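Heads up, the thing below is written out as structure tokens.
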Amino acid sequence: GNSVTQMEGPVTLSEEAFLTINCTYTATGYPSLFWYVQYPGEGLQLLLKATKADDKGSNKGFEATYRKETTSFHLEKGSVQVSDSAVYFCALGPRSNTGKLIFGQGTTLQVKP
Amino acid sequence: GAVVSQHPSWVICKSGTSVKIECRSLDFQATTMFWYRQFPKQSLMLMATSNEGSKATYEQGVEKDKFLINHASLTLSTLTVTSAHPEDSSFYICSARDRGAGANYGYTFGSGTRLTVV
């Protein structure tokens with residue numbers, strides 16, 4: 001079945017450091033891929049998405065490229081800020097309009113000043 | 001953009017009572033809504049998929065008589081935790097999909113409900 005695997009956290013970085021959070025997936029067909037961010041005590045916010053192979057999603061300095069050959073969707077940011085501290089979830093969704101999201105286990109990012 | 005309103009944001013109830021959580025799509029119609037449960041420092045566990053006008057589809061291991069889901073309109077789904085017990089304490093999050101979204105569909109999440117059963 002479909003599944004998503006994220007790198008284990010927590011990830012602790014200093015401000016302005018480069019961030020990579022790895023995400024790989026297993027899926028049948030051609031899913032869409034998402035990154036969501038969850039701040040403490042809140043729901044999830046969509047950070048970025050890609051709907052087909054080689055697409056690059058980007059938002060707020062974060063980027064991720066849909067790599068079909070390596071079944072990956074790694075999240076990157078060139079210079080993190082303290083305000084980026086949160087839990088990041090990689091997710092996989094079907095291309096149909098009725099399917100459900102499959103989440104990775106989440107990666108906690110802590111950015112120190 | 002699409003907004004999903006979830007209420008209450010937190011609730012404390014006594015063991016044995018029932019609690020209702022509402023999830024509303026404010027500016028779009030949601031044919032499908034999803035209910036998740038999240039334990040501390042863990043990922044989201046899908047509990048059920050709620051379809052407007054029909055019975056919810058529950059994931060394996062989720063008690064449908066315990067967690068009642070009603071999706072009576074295109075903008076409202078409710079989750080009722082019946083006869084709550086301390087082990088039901090958790091963070092519950094709903095998500096909705098825009099009925100009008102095409103290939104570029106999106107899932108919008110509510111802000112979550114922290115349920116504490118004492």
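Ligands are numbered from 1 in the order shown, residues from 1 within each chain, and chains are lettered A, B, ... in the order they appear in the structure tokens.
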
List the spatial neighbours of Ser72 (chain A) as an mmCIF file with all heavy atoms, in the first residue's frame - criterion: any atom at most 6 Å away, only C-alpha atoms, same-chain residues fewer than 4 positions off excluded.
data_model
loop_
_atom_site.group_PDB
_atom_site.id
_atom_site.type_symbol
_atom_site.label_atom_id
_atom_site.label_comp_id
_atom_site.auth_asym_id
_atom_site.auth_seq_id
_atom_site.Cartn_x
_atom_site.Cartn_y
_atom_site.Cartn_z
ATOM 1 N N CYS A 23 12.178 12.919 2.779
ATOM 2 C CA CYS A 23 10.879 12.259 2.687
ATOM 3 C C CYS A 23 10.915 11.331 1.472
ATOM 4 O O CYS A 23 11.259 11.770 0.372
ATOM 5 C CB CYS A 23 9.759 13.276 2.526
ATOM 6 S SG CYS A 23 8.146 12.543 2.123
ATOM 7 N N THR A 24 10.588 10.086 1.680
ATOM 8 C CA THR A 24 10.453 9.142 0.573
ATOM 9 C C THR A 24 9.079 8.502 0.656
ATOM 10 O O THR A 24 8.461 8.466 1.725
ATOM 11 C CB THR A 24 11.533 8.047 0.612
ATOM 12 O OG1 THR A 24 11.471 7.377 1.872
ATOM 13 C CG2 THR A 24 12.922 8.632 0.426
ATOM 14 N N ARG A 67 10.550 13.871 -7.085
ATOM 15 C CA ARG A 67 11.503 13.026 -7.809
ATOM 16 C C ARG A 67 10.937 11.623 -7.927
ATOM 17 O O ARG A 67 10.969 10.840 -6.981
ATOM 18 C CB ARG A 67 12.844 12.962 -7.050
ATOM 19 C CG ARG A 67 13.512 14.302 -6.835
ATOM 20 C CD ARG A 67 14.154 14.812 -8.066
ATOM 21 N NE ARG A 67 14.958 16.015 -7.809
ATOM 22 C CZ ARG A 67 15.303 16.876 -8.750
ATOM 23 N NH1 ARG A 67 14.909 16.699 -10.001
ATOM 24 N NH2 ARG A 67 16.043 17.921 -8.431
#

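Here is the contact set of chain B against chain A, at 6 Å and counting only C-alpha atoms: Ser43, Phe109, Gly110, Ser111 and Gly112 of chain B.
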
Go ahead and save the picked residues with N, CA and C atoms, as a PDB file, in the first residue's frame.
ATOM      1  N   SER B  43       2.297  11.367  14.619  1.00  0.00           N
ATOM      2  CA  SER B  43       1.674  11.801  13.381  1.00  0.00           C
ATOM      3  C   SER B  43       0.153  11.746  13.494  1.00  0.00           C
ATOM      4  N   PHE B 109      -7.046  22.164   6.620  1.00  0.00           N
ATOM      5  CA  PHE B 109      -7.205  21.612   7.955  1.00  0.00           C
ATOM      6  C   PHE B 109      -7.795  22.630   8.919  1.00  0.00           C
ATOM      7  N   GLY B 110      -8.575  22.109   9.857  1.00  0.00           N
ATOM      8  CA  GLY B 110      -9.014  22.922  10.970  1.00  0.00           C
ATOM      9  C   GLY B 110      -7.872  23.111  11.946  1.00  0.00           C
ATOM     10  N   SER B 111      -8.118  23.947  12.950  1.00  0.00           N
ATOM     11  CA  SER B 111      -7.060  24.263  13.916  1.00  0.00           C
ATOM     12  C   SER B 111      -6.951  23.236  15.027  1.00  0.00           C
ATOM     13  N   GLY B 112      -7.849  22.256  15.027  1.00  0.00           N
ATOM     14  CA  GLY B 112      -7.740  21.173  15.999  1.00  0.00           C
ATOM     15  C   GLY B 112      -8.530  21.419  17.265  1.00  0.00           C
TER      16      GLY B 112
END

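With only C-alpha atoms as the basis for measurement, A:Ala53 is the residue among A:Val111, A:Val80, A:Ala86, A:Ala53 that approaches Tyr30 (chain A) most closely.
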
Practice problem: Give me the residues within 6 Å of region 85-89 of chain B as a PyMOL selection string, counting only C-alpha atoms and dropping any in the same chain fewer than 4 places off. | Solution: chain B and resi 15+115-118

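Distances from B:Ser54, B:Gln6, B:Ser90, B:Ser95 to Arg37 (chain B) were compared using only C-alpha atoms, and the smallest one belongs to B:Ser90.
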
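Among the candidates A:Gly61, A:Gly1, A:Gly9, A:Gly29, the residue lying nearest to Gln110 (chain A) is A:Gly9 (atoms considered: only C-alpha atoms).
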
Practice problem: For region 69-83 of chain B, please output as a VMD selection string all residues within 10 Å (counting only C-alpha atoms; exclusion window: fewer than 5 positions along the same chain). | Solution: chain B and resid 4 to 7 14 to 35 48 to 58 64 88 92 94 to 96 98 to 99 115

Based on the selection just made, write C-alpha atoms of those residues as a short mmCIF file (atom, residue, chain, number, x, y, z; two decimals), in the first residue's frame.
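Result file follows (result-v2.cif):
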data_model
loop_
_atom_site.label_atom_id
_atom_site.label_comp_id
_atom_site.auth_asym_id
_atom_site.auth_seq_id
_atom_site.Cartn_x
_atom_site.Cartn_y
_atom_site.Cartn_z
CA VAL B 4 -11.95 25.37 7.80
CA SER B 5 -13.26 26.37 11.20
CA GLN B 6 -13.12 23.80 13.97
CA HIS B 7 -14.80 24.22 17.36
CA LYS B 14 -16.08 14.28 32.71
CA SER B 15 -15.69 10.60 32.06
CA GLY B 16 -18.90 9.10 30.70
CA THR B 17 -20.18 12.24 29.00
CA SER B 18 -20.29 12.94 25.27
CA VAL B 19 -18.51 15.69 23.41
CA LYS B 20 -19.31 17.11 19.98
CA ILE B 21 -16.68 18.71 17.76
CA GLU B 22 -17.71 20.76 14.74
CA CYS B 23 -15.86 21.27 11.50
CA ARG B 24 -17.11 23.89 9.05
CA SER B 25 -15.86 24.88 5.62
CA LEU B 26 -16.38 28.63 5.57
CA ASP B 27 -15.97 29.62 1.96
CA PHE B 28 -16.25 26.43 -0.01
CA GLN B 29 -18.34 23.30 -0.25
CA ALA B 30 -16.77 20.15 1.08
CA THR B 31 -18.14 16.90 -0.25
CA THR B 32 -15.59 15.02 1.80
CA MET B 33 -14.21 15.73 5.24
CA PHE B 34 -11.64 13.74 7.17
CA TRP B 35 -11.23 13.28 10.90
CA ALA B 48 -12.77 8.27 9.29
CA THR B 49 -13.80 9.82 6.03
CA SER B 50 -17.04 11.74 6.14
CA ASN B 51 -19.12 12.05 2.99
CA GLU B 52 -21.99 14.49 2.73
CA GLY B 53 -25.32 12.76 2.87
CA SER B 54 -23.99 9.28 3.47
CA LYS B 55 -22.43 7.18 6.20
CA ALA B 56 -18.87 7.80 7.20
CA THR B 57 -16.17 5.33 6.29
CA TYR B 58 -14.15 4.34 9.33
CA LYS B 64 -17.90 3.77 14.84
CA ASP B 88 -10.00 9.29 24.47
CA TYR B 92 -8.59 15.84 17.04
CA CYS B 94 -10.58 17.76 10.75
CA SER B 95 -9.75 18.35 7.13
CA ALA B 96 -11.92 19.22 4.15
CA ASP B 98 -12.94 21.73 -1.85
CA ARG B 99 -15.68 20.19 -3.95
CA LEU B 115 -10.01 16.98 24.29
#

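Shell of Leu48 (chain A) at 9 Å, with only C-alpha atoms counted and residues fewer than 5 places along the chain excluded, is Leu33, Phe34, Trp35, Tyr36, Lys56, Gly57, Ser58, Asn59, Phe62, Glu63 and Ala64 of chain A.
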
Just-selected residues, N, CA, C and O atoms written as an mmCIF file, in the first residue's frame:
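Written out: again.cif:
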data_model
loop_
_atom_site.group_PDB
_atom_site.id
_atom_site.type_symbol
_atom_site.label_atom_id
_atom_site.label_comp_id
_atom_site.auth_asym_id
_atom_site.auth_seq_id
_atom_site.Cartn_x
_atom_site.Cartn_y
_atom_site.Cartn_z
ATOM 1 N N LEU A 33 2.105 15.127 -3.905
ATOM 2 C CA LEU A 33 2.910 15.148 -2.689
ATOM 3 C C LEU A 33 2.808 16.512 -2.020
ATOM 4 O O LEU A 33 2.710 17.542 -2.700
ATOM 5 N N PHE A 34 2.824 16.489 -0.691
ATOM 6 C CA PHE A 34 2.597 17.705 0.081
ATOM 7 C C PHE A 34 3.580 17.786 1.249
ATOM 8 O O PHE A 34 4.030 16.771 1.768
ATOM 9 N N TRP A 35 3.848 19.000 1.658
ATOM 10 C CA TRP A 35 4.477 19.261 2.947
ATOM 11 C C TRP A 35 3.532 20.152 3.744
ATOM 12 O O TRP A 35 3.076 21.193 3.244
ATOM 13 N N TYR A 36 3.260 19.715 4.978
ATOM 14 C CA TYR A 36 2.452 20.490 5.895
ATOM 15 C C TYR A 36 3.303 20.874 7.103
ATOM 16 O O TYR A 36 4.226 20.151 7.481
ATOM 17 N N LYS A 56 8.351 21.380 -8.856
ATOM 18 C CA LYS A 56 8.951 21.923 -7.638
ATOM 19 C C LYS A 56 7.904 22.765 -6.940
ATOM 20 O O LYS A 56 7.377 23.720 -7.526
ATOM 21 N N GLY A 57 7.632 22.409 -5.698
ATOM 22 C CA GLY A 57 6.758 23.246 -4.878
ATOM 23 C C GLY A 57 7.620 24.189 -4.071
ATOM 24 O O GLY A 57 8.710 23.836 -3.633
ATOM 25 N N SER A 58 7.127 25.422 -3.874
ATOM 26 C CA SER A 58 7.914 26.366 -3.093
ATOM 27 C C SER A 58 6.994 27.342 -2.377
ATOM 28 O O SER A 58 5.917 27.690 -2.880
ATOM 29 N N ASN A 59 7.440 27.777 -1.205
ATOM 30 C CA ASN A 59 6.654 28.718 -0.422
ATOM 31 C C ASN A 59 7.489 29.169 0.772
ATOM 32 O O ASN A 59 8.124 28.351 1.441
ATOM 33 N N PHE A 62 10.876 27.754 1.434
ATOM 34 C CA PHE A 62 10.965 26.300 1.417
ATOM 35 C C PHE A 62 10.753 25.794 -0.008
ATOM 36 O O PHE A 62 9.978 26.364 -0.773
ATOM 37 N N GLU A 63 11.450 24.692 -0.330
ATOM 38 C CA GLU A 63 11.293 24.074 -1.645
ATOM 39 C C GLU A 63 11.301 22.563 -1.502
ATOM 40 O O GLU A 63 11.935 22.022 -0.583
ATOM 41 N N ALA A 64 10.629 21.905 -2.441
ATOM 42 C CA ALA A 64 10.706 20.445 -2.521
ATOM 43 C C ALA A 64 10.410 20.062 -3.959
ATOM 44 O O ALA A 64 9.502 20.618 -4.578
#

Exercise. Write out as a PyMOL selection string all residues of region 1-99 of chain B that backbone DSSP assigns to strand (DSSP E).
Key: chain B and resi 4-7+10-13+19-25+32-38+44-51+57-58+67-73+76-81+90-97

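Between CA of Ala91 (chain A) and CA of Lys77 (chain A) the separation is 18.0 Å.
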
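Nearest to Val11 (chain B) of all the residues B:Phe91, B:Leu68, B:Pro40, B:Arg97 is B:Phe91, based on only C-alpha atoms.
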
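Across the model, the gap from CA of Lys112 (chain A) to CA of Gln6 (chain A) is 21.9 Å.
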